[in-house]
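Trainee: So here's query02.pdb, just PDB, C-alpha atoms, pLDDT in the B column:
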ATOM      1  CA  PHE M   1       0.000   0.000   0.000  1.00 34.00           C
ATOM      2  CA  PHE M   2       2.718   2.487   0.990  1.00 33.00           C
ATOM      3  CA  LEU M   3       4.818   1.675  -2.076  1.00 34.00           C
ATOM      4  CA  LYS M   4       1.848   2.139  -4.374  1.00 35.00           C
ATOM      5  CA  GLU M   5       1.009   5.486  -2.754  1.00 34.00           C
ATOM      6  CA  MET M   6       4.615   6.648  -2.961  1.00 30.00           C
ATOM      7  CA  LEU M   7       4.674   5.950  -6.697  1.00 30.00           C
ATOM      8  CA  VAL M   8       1.476   7.926  -7.199  1.00 33.00           C
ATOM      9  CA  LEU M   9       2.760  10.983  -5.325  1.00 32.00           C
ATOM     10  CA  ALA M  10       6.055  10.933  -7.180  1.00 34.00           C
ATOM     11  CA  SER M  11       4.555  10.461 -10.639  1.00 36.00           C
ATOM     12  CA  PRO M  12       5.341  13.157 -13.249  1.00 38.00           C
ATOM     13  CA  GLY M  13       2.620  15.768 -13.532  1.00 40.00           C
ATOM     14  CA  LEU M  14       1.449  15.337  -9.935  1.00 38.00           C
ATOM     15  CA  SER M  15       2.675  17.338  -6.981  1.00 39.00           C
ATOM     16  CA  SER M  16       2.043  17.881  -3.313  1.00 37.00           C
ATOM     17  CA  PRO M  17       2.275  21.048  -1.244  1.00 37.00           C
ATOM     18  CA  ARG M  18       5.916  20.304  -0.327  1.00 37.00           C
ATOM     19  CA  GLY M  19       7.029  18.414  -3.404  1.00 42.00           C
ATOM     20  CA  GLY M  20       6.548  14.750  -4.267  1.00 39.00           C
ATOM     21  CA  ALA M  21       9.720  13.273  -2.786  1.00 38.00           C
ATOM     22  CA  VAL M  22       9.443  15.003   0.583  1.00 36.00           C
ATOM     23  CA  SER M  23       5.798  14.085   0.949  1.00 35.00           C
ATOM     24  CA  CYS M  24       6.544  10.452   0.136  1.00 36.00           C
ATOM     25  CA  VAL M  25       9.125  10.230   2.901  1.00 36.00           C
ATOM     26  CA  ALA M  26       6.782  11.857   5.386  1.00 36.00           C
ATOM     27  CA  ARG M  27       4.001   9.477   4.371  1.00 38.00           C
ATOM     28  CA  LEU M  28       6.128   6.416   4.965  1.00 37.00           C
ATOM     29  CA  ARG M  29       7.467   7.595   8.307  1.00 42.00           C
ATOM     30  CA  SER M  30       4.186   8.751   9.784  1.00 43.00           C
ATOM     31  CA  PRO M  31       1.057   7.372   8.092  1.00 48.00           C
ATOM     32  CA  LYS M  32      -1.695   9.988   7.886  1.00 47.00           C
ATOM     33  CA  PRO M  33      -4.929  10.278   5.918  1.00 53.00           C
ATOM     34  CA  LEU M  34      -4.153  10.840   2.245  1.00 48.00           C
ATOM     35  CA  ALA M  35      -6.444  13.887   2.225  1.00 52.00           C
ATOM     36  CA  GLN M  36      -3.759  15.840   4.083  1.00 55.00           C
ATOM     37  CA  TYR M  37      -1.513  15.532   1.036  1.00 52.00           C
ATOM     38  CA  GLU M  38      -3.974  16.738  -1.568  1.00 59.00           C
ATOM     39  CA  ASP M  39      -2.478  19.286  -3.948  1.00 58.00           C
ATOM     40  CA  PRO M  40      -4.036  22.722  -3.233  1.00 63.00           C
ATOM     41  CA  GLY M  41      -3.516  23.658  -6.875  1.00 68.00           C
ATOM     42  CA  PRO M  42      -1.330  26.312  -8.473  1.00 74.00           C
ATOM     43  CA  GLU M  43      -1.260  29.933  -7.382  1.00 83.00           C
ATOM     44  CA  HIS M  44      -2.508  32.112 -10.245  1.00 90.00           C
ATOM     45  CA  LEU M  45      -2.688  35.515  -8.545  1.00 94.00           C
ATOM     46  CA  ARG M  46      -0.727  37.304  -5.849  1.00 96.00           C
ATOM     47  CA  THR M  47      -0.907  40.825  -4.417  1.00 97.00           C
ATOM     48  CA  VAL M  48       1.710  42.636  -2.325  1.00 97.00           C
ATOM     49  CA  ASP M  49       0.648  45.862  -0.616  1.00 98.00           C
ATOM     50  CA  GLY M  50       3.183  48.575   0.216  1.00 98.00           C
ATOM     51  CA  PHE M  51       5.590  47.185  -2.356  1.00 98.00           C
ATOM     52  CA  LEU M  52       7.760  50.246  -3.052  1.00 98.00           C
ATOM     53  CA  GLY M  53       7.225  52.351   0.046  1.00 97.00           C
ATOM     54  CA  GLU M  54       8.653  55.871  -0.321  1.00 97.00           C
ATOM     55  CA  THR M  55       9.631  55.232  -3.934  1.00 97.00           C
ATOM     56  CA  ALA M  56       5.952  54.936  -4.848  1.00 98.00           C
ATOM     57  CA  GLU M  57       5.319  58.424  -3.446  1.00 98.00           C
ATOM     58  CA  THR M  58       8.323  59.763  -5.366  1.00 98.00           C
ATOM     59  CA  LEU M  59       7.059  58.369  -8.664  1.00 98.00           C
ATOM     60  CA  ARG M  60       3.526  59.592  -8.044  1.00 98.00           C
ATOM     61  CA  THR M  61       4.750  63.095  -7.202  1.00 98.00           C
ATOM     62  CA  VAL M  62       6.585  63.315 -10.536  1.00 97.00           C
ATOM     63  CA  PHE M  63       3.373  62.487 -12.404  1.00 98.00           C
ATOM     64  CA  ASP M  64       1.252  64.942 -10.407  1.00 97.00           C
ATOM     65  CA  GLU M  65       3.708  67.816 -10.878  1.00 96.00           C
ATOM     66  CA  ARG M  66       3.839  67.343 -14.648  1.00 95.00           C
ATOM     67  CA  PHE M  67       0.044  67.577 -14.920  1.00 94.00           C
ATOM     68  CA  GLU M  68      -0.392  70.277 -12.285  1.00 93.00           C
ATOM     69  CA  GLU M  69      -0.721  73.189 -14.714  1.00 91.00           C
ATOM     70  CA  PRO M  70      -2.822  72.213 -17.750  1.00 88.00           C
ATOM     71  CA  ARG M  71      -1.891  75.379 -19.679  1.00 90.00           C
ATOM     72  CA  GLN M  72       1.815  74.724 -19.412  1.00 88.00           C
ATOM     73  CA  ALA M  73       3.463  72.984 -22.389  1.00 87.00           C
ATOM     74  CA  HIS M  74       6.616  70.901 -21.879  1.00 87.00           C
ATOM     75  CA  PRO M  75       8.075  67.676 -23.353  1.00 88.00           C
ATOM     76  CA  MET M  76       6.758  65.426 -20.604  1.00 90.00           C
ATOM     77  CA  ARG M  77       3.200  66.357 -21.539  1.00 89.00           C
ATOM     78  CA  PHE M  78       3.744  65.297 -25.151  1.00 92.00           C
ATOM     79  CA  CYS M  79       5.329  61.888 -24.513  1.00 96.00           C
ATOM     80  CA  TRP M  80       2.046  59.999 -24.128  1.00 97.00           C
ATOM     81  CA  ASP M  81       0.749  57.521 -26.700  1.00 97.00           C
ATOM     82  CA  TYR M  82      -3.033  57.421 -26.877  1.00 98.00           C
ATOM     83  CA  TRP M  83      -3.389  53.719 -27.567  1.00 98.00           C
ATOM     84  CA  HIS M  84      -6.783  52.886 -28.998  1.00 98.00           C
ATOM     85  CA  VAL M  85      -7.625  49.555 -30.602  1.00 98.00           C
ATOM     86  CA  PRO M  86     -11.397  49.481 -31.210  1.00 97.00           C
ATOM     87  CA  SER M  87     -13.277  47.086 -28.931  1.00 97.00           C
ATOM     88  CA  GLN M  88     -10.019  46.051 -27.197  1.00 98.00           C
ATOM     89  CA  TYR M  89      -7.690  48.699 -25.708  1.00 98.00           C
ATOM     90  CA  THR M  90      -8.075  52.376 -24.831  1.00 98.00           C
ATOM     91  CA  LEU M  91      -5.496  54.054 -22.583  1.00 98.00           C
ATOM     92  CA  HIS M  92      -2.636  56.553 -22.439  1.00 98.00           C
ATOM     93  CA  ARG M  93       0.832  55.039 -22.094  1.00 98.00           C
ATOM     94  CA  THR M  94       4.531  55.912 -22.109  1.00 98.00           C
ATOM     95  CA  GLN M  95       7.793  54.157 -21.336  1.00 98.00           C
ATOM     96  CA  ALA M  96       8.621  54.558 -17.636  1.00 98.00           C
ATOM     97  CA  ALA M  97      12.365  54.637 -18.381  1.00 97.00           C
ATOM     98  CA  SER M  98      12.046  57.936 -20.234  1.00 96.00           C
ATOM     99  CA  TYR M  99       9.506  59.467 -17.847  1.00 97.00           C
ATOM    100  CA  PHE M 100      11.291  59.158 -14.494  1.00 97.00           C
ATOM    101  CA  ASP M 101      14.805  60.188 -13.531  1.00 96.00           C
ATOM    102  CA  GLU M 102      17.558  57.589 -13.432  1.00 96.00           C
ATOM    103  CA  ASP M 103      17.595  57.049  -9.653  1.00 97.00           C
ATOM    104  CA  ALA M 104      13.833  56.661  -9.281  1.00 97.00           C
ATOM    105  CA  PHE M 105      13.632  54.323 -12.245  1.00 98.00           C
ATOM    106  CA  ALA M 106      16.515  52.206 -10.901  1.00 98.00           C
ATOM    107  CA  ALA M 107      14.781  51.877  -7.523  1.00 97.00           C
ATOM    108  CA  LEU M 108      11.636  50.694  -9.292  1.00 98.00           C
ATOM    109  CA  THR M 109      13.310  48.140 -11.548  1.00 98.00           C
ATOM    110  CA  ASP M 110      15.638  46.860  -8.813  1.00 98.00           C
ATOM    111  CA  ALA M 111      12.662  46.129  -6.560  1.00 98.00           C
ATOM    112  CA  LEU M 112      10.732  44.369  -9.324  1.00 98.00           C
ATOM    113  CA  THR M 113      13.735  42.353 -10.502  1.00 97.00           C
ATOM    114  CA  ALA M 114      14.586  41.224  -6.974  1.00 97.00           C
ATOM    115  CA  PHE M 115      10.972  40.147  -6.406  1.00 97.00           C
ATOM    116  CA  GLY M 116      10.904  38.222  -9.673  1.00 97.00           C
ATOM    117  CA  GLN M 117      14.102  36.373  -8.855  1.00 95.00           C
ATOM    118  CA  ARG M 118      13.174  35.600  -5.264  1.00 94.00           C
ATOM    119  CA  GLU M 119       9.476  34.798  -5.617  1.00 94.00           C
ATOM    120  CA  LEU M 120       8.968  33.689  -9.224  1.00 94.00           C
ATOM    121  CA  GLY M 121      12.277  32.359 -10.485  1.00 94.00           C
ATOM    122  CA  CYS M 122      12.417  34.991 -13.242  1.00 95.00           C
ATOM    123  CA  ARG M 123      15.727  36.727 -13.882  1.00 94.00           C
ATOM    124  CA  ALA M 124      14.491  39.897 -15.577  1.00 96.00           C
ATOM    125  CA  ILE M 125      11.544  42.158 -16.347  1.00 97.00           C
ATOM    126  CA  SER M 126      10.313  43.745 -19.559  1.00 97.00           C
ATOM    127  CA  PRO M 127      10.675  47.535 -19.933  1.00 97.00           C
ATOM    128  CA  PRO M 128       7.797  48.758 -17.761  1.00 98.00           C
ATOM    129  CA  TRP M 129       4.987  50.915 -19.130  1.00 98.00           C
ATOM    130  CA  LEU M 130       3.422  53.804 -17.253  1.00 98.00           C
ATOM    131  CA  SER M 131      -0.269  54.191 -18.155  1.00 98.00           C
ATOM    132  CA  PHE M 132      -3.145  56.354 -17.060  1.00 98.00           C
ATOM    133  CA  TYR M 133      -6.860  55.737 -17.581  1.00 98.00           C
ATOM    134  CA  VAL M 134      -9.494  58.453 -17.660  1.00 98.00           C
ATOM    135  CA  ASP M 135     -13.127  58.409 -18.717  1.00 98.00           C
ATOM    136  CA  GLY M 136     -13.715  55.756 -21.383  1.00 98.00           C
ATOM    137  CA  CYS M 137     -10.380  53.954 -20.960  1.00 98.00           C
ATOM    138  CA  GLU M 138     -10.340  50.195 -20.561  1.00 98.00           C
ATOM    139  CA  GLN M 139      -8.723  46.936 -21.580  1.00 98.00           C
ATOM    140  CA  ARG M 140     -11.026  44.163 -22.641  1.00 98.00           C
ATOM    141  CA  LEU M 141     -10.156  40.530 -22.021  1.00 97.00           C
ATOM    142  CA  HIS M 142      -6.893  39.355 -23.557  1.00 96.00           C
ATOM    143  CA  ALA M 143      -3.886  37.171 -22.697  1.00 94.00           C
ATOM    144  CA  ASP M 144      -0.237  38.299 -22.904  1.00 87.00           C
ATOM    145  CA  VAL M 145       1.249  34.877 -23.559  1.00 83.00           C
ATOM    146  CA  PRO M 146       4.348  35.779 -25.644  1.00 86.00           C
ATOM    147  CA  GLN M 147       5.698  38.585 -23.423  1.00 91.00           C
ATOM    148  CA  GLY M 148       6.500  36.573 -20.287  1.00 91.00           C
ATOM    149  CA  PRO M 149       5.153  33.934 -17.889  1.00 94.00           C
ATOM    150  CA  PHE M 150       3.964  36.434 -15.261  1.00 96.00           C
ATOM    151  CA  ALA M 151       2.376  39.844 -15.708  1.00 97.00           C
ATOM    152  CA  PHE M 152       2.554  42.602 -13.108  1.00 98.00           C
ATOM    153  CA  VAL M 153       0.585  45.739 -12.328  1.00 98.00           C
ATOM    154  CA  LEU M 154       2.031  48.193  -9.802  1.00 98.00           C
ATOM    155  CA  SER M 155      -0.515  50.826  -8.891  1.00 98.00           C
ATOM    156  CA  LEU M 156       0.204  54.504  -8.319  1.00 98.00           C
ATOM    157  CA  THR M 157      -3.537  55.229  -8.219  1.00 98.00           C
ATOM    158  CA  ARG M 158      -4.930  57.262  -5.308  1.00 98.00           C
ATOM    159  CA  TRP M 159      -7.611  54.620  -5.024  1.00 98.00           C
ATOM    160  CA  GLU M 160      -9.128  55.733  -1.745  1.00 97.00           C
ATOM    161  CA  GLU M 161      -9.589  59.259  -3.149  1.00 97.00           C
ATOM    162  CA  ARG M 162     -10.971  58.275  -6.549  1.00 97.00           C
ATOM    163  CA  ARG M 163     -14.048  59.876  -8.045  1.00 97.00           C
ATOM    164  CA  PHE M 164     -14.442  57.382 -10.892  1.00 98.00           C
ATOM    165  CA  SER M 165     -15.979  53.942 -11.236  1.00 98.00           C
ATOM    166  CA  GLY M 166     -14.209  50.951 -12.744  1.00 98.00           C
ATOM    167  CA  GLY M 167     -10.442  50.577 -13.024  1.00 98.00           C
ATOM    168  CA  GLU M 168     -10.129  47.149 -11.406  1.00 98.00           C
ATOM    169  CA  THR M 169      -7.913  44.471 -12.922  1.00 98.00           C
ATOM    170  CA  SER M 170     -10.246  41.671 -14.032  1.00 97.00           C
ATOM    171  CA  LEU M 171      -9.142  38.053 -14.460  1.00 97.00           C
ATOM    172  CA  LEU M 172     -11.095  34.991 -15.467  1.00 96.00           C
ATOM    173  CA  ARG M 173     -11.066  32.557 -12.572  1.00 93.00           C
ATOM    174  CA  PRO M 174      -9.333  29.206 -13.229  1.00 89.00           C
ATOM    175  CA  GLU M 175     -12.659  27.511 -12.479  1.00 89.00           C
ATOM    176  CA  THR M 176     -14.211  29.467 -15.334  1.00 93.00           C
ATOM    177  CA  LEU M 177     -11.523  28.315 -17.745  1.00 92.00           C
ATOM    178  CA  ASP M 178     -12.171  24.722 -16.671  1.00 91.00           C
ATOM    179  CA  TYR M 179     -15.898  25.340 -16.497  1.00 91.00           C
ATOM    180  CA  TRP M 180     -17.395  21.907 -17.121  1.00 92.00           C
ATOM    181  CA  ARG M 181     -15.151  19.988 -14.719  1.00 90.00           C
ATOM    182  CA  GLY M 182     -16.878  21.432 -11.676  1.00 86.00           C
ATOM    183  CA  PHE M 183     -20.208  22.300 -13.244  1.00 89.00           C
ATOM    184  CA  ASP M 184     -23.196  22.119 -10.894  1.00 90.00           C
ATOM    185  CA  SER M 185     -26.597  22.608 -12.517  1.00 90.00           C
ATOM    186  CA  SER M 186     -28.155  23.377  -9.132  1.00 92.00           C
ATOM    187  CA  VAL M 187     -26.036  26.488  -8.533  1.00 91.00           C
ATOM    188  CA  GLY M 188     -26.488  29.820 -10.287  1.00 92.00           C
ATOM    189  CA  LEU M 189     -23.489  31.989 -11.172  1.00 92.00           C
ATOM    190  CA  GLU M 190     -22.904  35.728 -11.371  1.00 93.00           C
ATOM    191  CA  ARG M 191     -19.986  37.854 -12.555  1.00 93.00           C
ATOM    192  CA  GLY M 192     -18.092  37.543  -9.268  1.00 92.00           C
ATOM    193  CA  ASP M 193     -18.184  33.753  -9.572  1.00 92.00           C
ATOM    194  CA  LEU M 194     -16.615  33.896 -13.039  1.00 94.00           C
ATOM    195  CA  VAL M 195     -14.280  36.892 -12.839  1.00 95.00           C
ATOM    196  CA  ALA M 196     -11.884  37.973 -10.086  1.00 95.00           C
ATOM    197  CA  GLU M 197     -11.419  41.723  -9.672  1.00 96.00           C
ATOM    198  CA  VAL M 198      -8.380  43.294  -8.006  1.00 97.00           C
ATOM    199  CA  GLN M 199      -8.542  46.880  -6.824  1.00 98.00           C
ATOM    200  CA  PRO M 200      -5.424  48.901  -7.735  1.00 98.00           C
ATOM    201  CA  LEU M 201      -4.723  50.235  -4.256  1.00 98.00           C
ATOM    202  CA  PHE M 202      -1.850  52.690  -4.047  1.00 98.00           C
ATOM    203  CA  ASP M 203       1.523  50.882  -4.039  1.00 98.00           C
ATOM    204  CA  ARG M 204      -0.091  47.463  -4.538  1.00 98.00           C
ATOM    205  CA  LEU M 205       1.792  45.006  -6.737  1.00 98.00           C
ATOM    206  CA  THR M 206      -0.489  42.547  -8.506  1.00 98.00           C
ATOM    207  CA  VAL M 207       1.174  39.537 -10.157  1.00 97.00           C
ATOM    208  CA  PHE M 208      -0.649  36.891 -12.150  1.00 96.00           C
ATOM    209  CA  ASP M 209      -0.196  34.107 -14.663  1.00 94.00           C
ATOM    210  CA  ALA M 210      -0.061  35.956 -17.983  1.00 94.00           C
ATOM    211  CA  ARG M 211      -1.916  33.103 -19.690  1.00 93.00           C
ATOM    212  CA  LEU M 212      -5.088  34.001 -17.784  1.00 94.00           C
ATOM    213  CA  PRO M 213      -7.470  36.144 -19.831  1.00 96.00           C
ATOM    214  CA  HIS M 214      -7.517  39.510 -18.083  1.00 97.00           C
ATOM    215  CA  GLY M 215      -8.419  43.145 -18.615  1.00 98.00           C
ATOM    216  CA  VAL M 216      -9.209  46.462 -16.944  1.00 98.00           C
ATOM    217  CA  SER M 217     -12.796  47.447 -16.265  1.00 98.00           C
ATOM    218  CA  ARG M 218     -13.905  50.634 -18.006  1.00 98.00           C
ATOM    219  CA  VAL M 219     -13.114  53.855 -16.128  1.00 98.00           C
ATOM    220  CA  GLU M 220     -16.002  56.308 -16.002  1.00 98.00           C
ATOM    221  CA  GLY M 221     -16.427  59.727 -14.409  1.00 98.00           C
ATOM    222  CA  GLU M 222     -12.907  61.262 -14.412  1.00 98.00           C
ATOM    223  CA  ARG M 223     -11.147  63.327 -17.097  1.00 97.00           C
ATOM    224  CA  ASP M 224      -8.209  64.732 -15.116  1.00 97.00           C
ATOM    225  CA  PRO M 225      -5.168  62.419 -15.497  1.00 97.00           C
ATOM    226  CA  ARG M 226      -4.239  63.038 -11.850  1.00 97.00           C
ATOM    227  CA  GLY M 227      -7.603  61.677 -10.735  1.00 98.00           C
ATOM    228  CA  GLY M 228      -7.613  58.604 -12.960  1.00 98.00           C
ATOM    229  CA  ARG M 229      -6.147  55.134 -12.772  1.00 98.00           C
ATOM    230  CA  LEU M 230      -2.331  55.290 -12.871  1.00 98.00           C
ATOM    231  CA  VAL M 231      -0.271  52.090 -13.048  1.00 98.00           C
ATOM    232  CA  LEU M 232       3.108  50.688 -13.986  1.00 98.00           C
ATOM    233  CA  HIS M 233       2.857  47.375 -15.778  1.00 98.00           C
ATOM    234  CA  GLY M 234       4.895  44.781 -17.625  1.00 98.00           C
ATOM    235  CA  TRP M 235       6.075  41.188 -17.392  1.00 97.00           C
ATOM    236  CA  PHE M 236       8.556  39.079 -15.485  1.00 97.00           C
ATOM    237  CA  THR M 237      10.780  37.304 -18.000  1.00 96.00           C
ATOM    238  CA  GLU M 238      13.637  34.815 -18.409  1.00 92.00           C
ATOM    239  CA  PRO M 239      12.496  32.051 -16.019  1.00 89.00           C
ATOM    240  CA  ALA M 240      15.556  30.247 -14.652  1.00 83.00           C
ATOM    241  CA  PRO M 241      16.769  28.736 -11.359  1.00 79.00           C
ATOM    242  CA  PHE M 242      17.866  31.385  -8.875  1.00 71.00           C
ATOM    243  CA  SER M 243      19.884  31.114  -5.680  1.00 74.00           C
ATOM    244  CA  GLU M 244      21.692  33.495  -3.376  1.00 74.00           C
ATOM    245  CA  GLY M 245      24.248  33.134  -0.618  1.00 70.00           C
ATOM    246  CA  ALA M 246      27.208  30.774  -0.367  1.00 63.00           C
TER     247      ALA M 246
END
As a first step, turn the structure in this file into structure tokens.
Mentor:
Amino acid sequence: FFLKEMLVLASPGLSSPRGGAVSCVARLRSPKPLAQYEDPGPEHLRTVDGFLGETAETLRTVFDERFEEPRQAHPMRFCWDYWHVPSQYTLHRTQAASYFDEDAFAALTDALTAFGQRELGCRAISPPWLSFYVDGCEQRLHADVPQGPFAFVLSLTRWEERRFSGGETSLLRPETLDYWRGFDSSVGLERGDLVAEVQPLFDRLTVFDARLPHGVSRVEGERDPRGGRLVLHGWFTEPAPFSEGA
């Protein structure tokens, strides 16, 4: 019985919370109900609040100052790409590397790169975008499969002070993508059962499996860029083993 169970736990394609080999040893040494070793499933979404700390305030201040006087013309007001793909994407975006000074940008990318190495096993990040969303801006469902295995959204939005509706990051739940496996004809479903929504709280890092169809709910009710949804976003790239120390 124990040998048969050990082979099942160690089979390719199956895993346990601590890894197949470790769980097998524990199972042989101290028999416990098999239910305790059930795989909880992969983690598709993670949020980290207070990710950048003071650096987030520094970056936000730069953006606010450059939009403070609407009648003033300067290069940093003309660097924005109004990206509109009918029925798919509508937002204003620019490359963060050219928008922020060297020190602030380095603090941002160093923090993201270190997180990717430590938490995700990814050695690098894509050049991050800085985007703002005002009335009518949105991203409809899509999947960024080629860019990297994990997507990130780092919010600089003053979420608690917002005057707009929408702006959440929306992701199809894994159960929705595997809909028929757990289908129950006796239970009704609504949007919240099918789609997960993540609020872009200030200085919140949201990381998710880039294969998941995701989008941004339509922003309505705000035309001032300083009052809209403001985020840094991109992808963690180059998955590879990572270690530190001796």
Trainee: On this structure, the PyMOL selection byres ((chain M and resi 201-206) around 10) would catch which residues? List them as a ChimeraX atom specification, sorted by chain and number.
Mentor: /M:45-57,60,112,151-160,168-169,198-200,207-208,229-233
Trainee: Return as lines of an AutoDock Vina configuration file the box centre and box size in Å, one decimal, for an axis-aligned box around all listed atoms of segment 123-128 of chain M padded by 3 Å per side.
Mentor:
center_x = 11.8
center_y = 42.7
center_z = -16.9
size_x = 13.9
size_y = 18.0
size_z = 12.1
Trainee: Given all atoms listed in the file as the basis, pick out the residue of M:Val195, M:Cys137, M:Leu172, M:Ala143 nearest to Val85 of chain M.
Mentor: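 So, comparing all the options, the nearest one is M:Cys137.
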Trainee: Quick one: residues within 12 Å of Ala104 of chain M, all atoms listed in the file, excluding same-chain residues fewer than 3 positions away - as a list of chain:residue names?
Mentor: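 Once the adjacent positions are removed, what remains is M:Leu52, M:Glu54, M:Thr55, M:Ala56, M:Glu57, M:Thr58, M:Leu59, M:Arg60, M:Thr61, M:Val62, M:Ala96, M:Ala97, M:Ser98, M:Tyr99, M:Phe100, M:Asp101, M:Ala107, M:Leu108, M:Thr109, M:Asp110, M:Ala111.
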Trainee: To one decimal in Å, tell me the separation between atom CA of Glu161 of chain M and atom CA of Ser217 of chain M.
Mentor: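 For atom CA of Glu161 of chain M relative to atom CA of Ser217 of chain M, the distance reads 17.9 Å.
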Trainee: Could you jot down the atom CA of Gln88 of chain M to atom CA of Leu171 of chain M separation for me, Å, one decimal place?
Mentor: 15.1 Å
Trainee: I would like the residues chosen by the PyMOL selection byres ((chain M and resi 212) around 12) on the shown file; could you give them as an mmCIF file with C-alpha atoms, keeping the file's coordinate frame?
Mentor:
data_model
loop_
_atom_site.group_PDB
_atom_site.id
_atom_site.type_symbol
_atom_site.label_atom_id
_atom_site.label_comp_id
_atom_site.auth_asym_id
_atom_site.auth_seq_id
_atom_site.Cartn_x
_atom_site.Cartn_y
_atom_site.Cartn_z
ATOM 1 C CA GLU M 43 -1.260 29.933 -7.382
ATOM 2 C CA HIS M 44 -2.508 32.112 -10.245
ATOM 3 C CA LEU M 45 -2.688 35.515 -8.545
ATOM 4 C CA LEU M 141 -10.156 40.530 -22.021
ATOM 5 C CA HIS M 142 -6.893 39.355 -23.557
ATOM 6 C CA ALA M 143 -3.886 37.171 -22.697
ATOM 7 C CA ASP M 144 -0.237 38.299 -22.904
ATOM 8 C CA VAL M 145 1.249 34.877 -23.559
ATOM 9 C CA PRO M 149 5.153 33.934 -17.889
ATOM 10 C CA PHE M 150 3.964 36.434 -15.261
ATOM 11 C CA ALA M 151 2.376 39.844 -15.708
ATOM 12 C CA THR M 169 -7.913 44.471 -12.922
ATOM 13 C CA SER M 170 -10.246 41.671 -14.032
ATOM 14 C CA LEU M 171 -9.142 38.053 -14.460
ATOM 15 C CA LEU M 172 -11.095 34.991 -15.467
ATOM 16 C CA ARG M 173 -11.066 32.557 -12.572
ATOM 17 C CA PRO M 174 -9.333 29.206 -13.229
ATOM 18 C CA GLU M 175 -12.659 27.511 -12.479
ATOM 19 C CA THR M 176 -14.211 29.467 -15.334
ATOM 20 C CA LEU M 177 -11.523 28.315 -17.745
ATOM 21 C CA ASP M 178 -12.171 24.722 -16.671
ATOM 22 C CA VAL M 195 -14.280 36.892 -12.839
ATOM 23 C CA ALA M 196 -11.884 37.973 -10.086
ATOM 24 C CA VAL M 207 1.174 39.537 -10.157
ATOM 25 C CA PHE M 208 -0.649 36.891 -12.150
ATOM 26 C CA ASP M 209 -0.196 34.107 -14.663
ATOM 27 C CA ALA M 210 -0.061 35.956 -17.983
ATOM 28 C CA ARG M 211 -1.916 33.103 -19.690
ATOM 29 C CA PRO M 213 -7.470 36.144 -19.831
ATOM 30 C CA HIS M 214 -7.517 39.510 -18.083
ATOM 31 C CA GLY M 215 -8.419 43.145 -18.615
#
Trainee: Nearest residue to Pro225 of chain M out of M:Ala124, M:Val134, M:Leu194, M:Leu91, using all atoms listed in the file?
Mentor: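 Answer, going by the shortest atom-to-atom distance: M:Val134.
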Trainee: Separation of atom CA of Arg218 of chain M and atom CA of Asp135 of chain M, in Å?
Mentor: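 Taking atom CA of Arg218 of chain M as the start and atom CA of Asp135 of chain M as the end point, the length is 7.8 Å.
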Trainee: If we count only C-alpha atoms, what is near segment 80-84 of chain M at a cut-off of 7 Å, once residues fewer than 6 positions away on the same chain are taken out, given as a list in words?
Mentor: Thr90, Leu91, His92, Arg93 and Thr94 of chain M
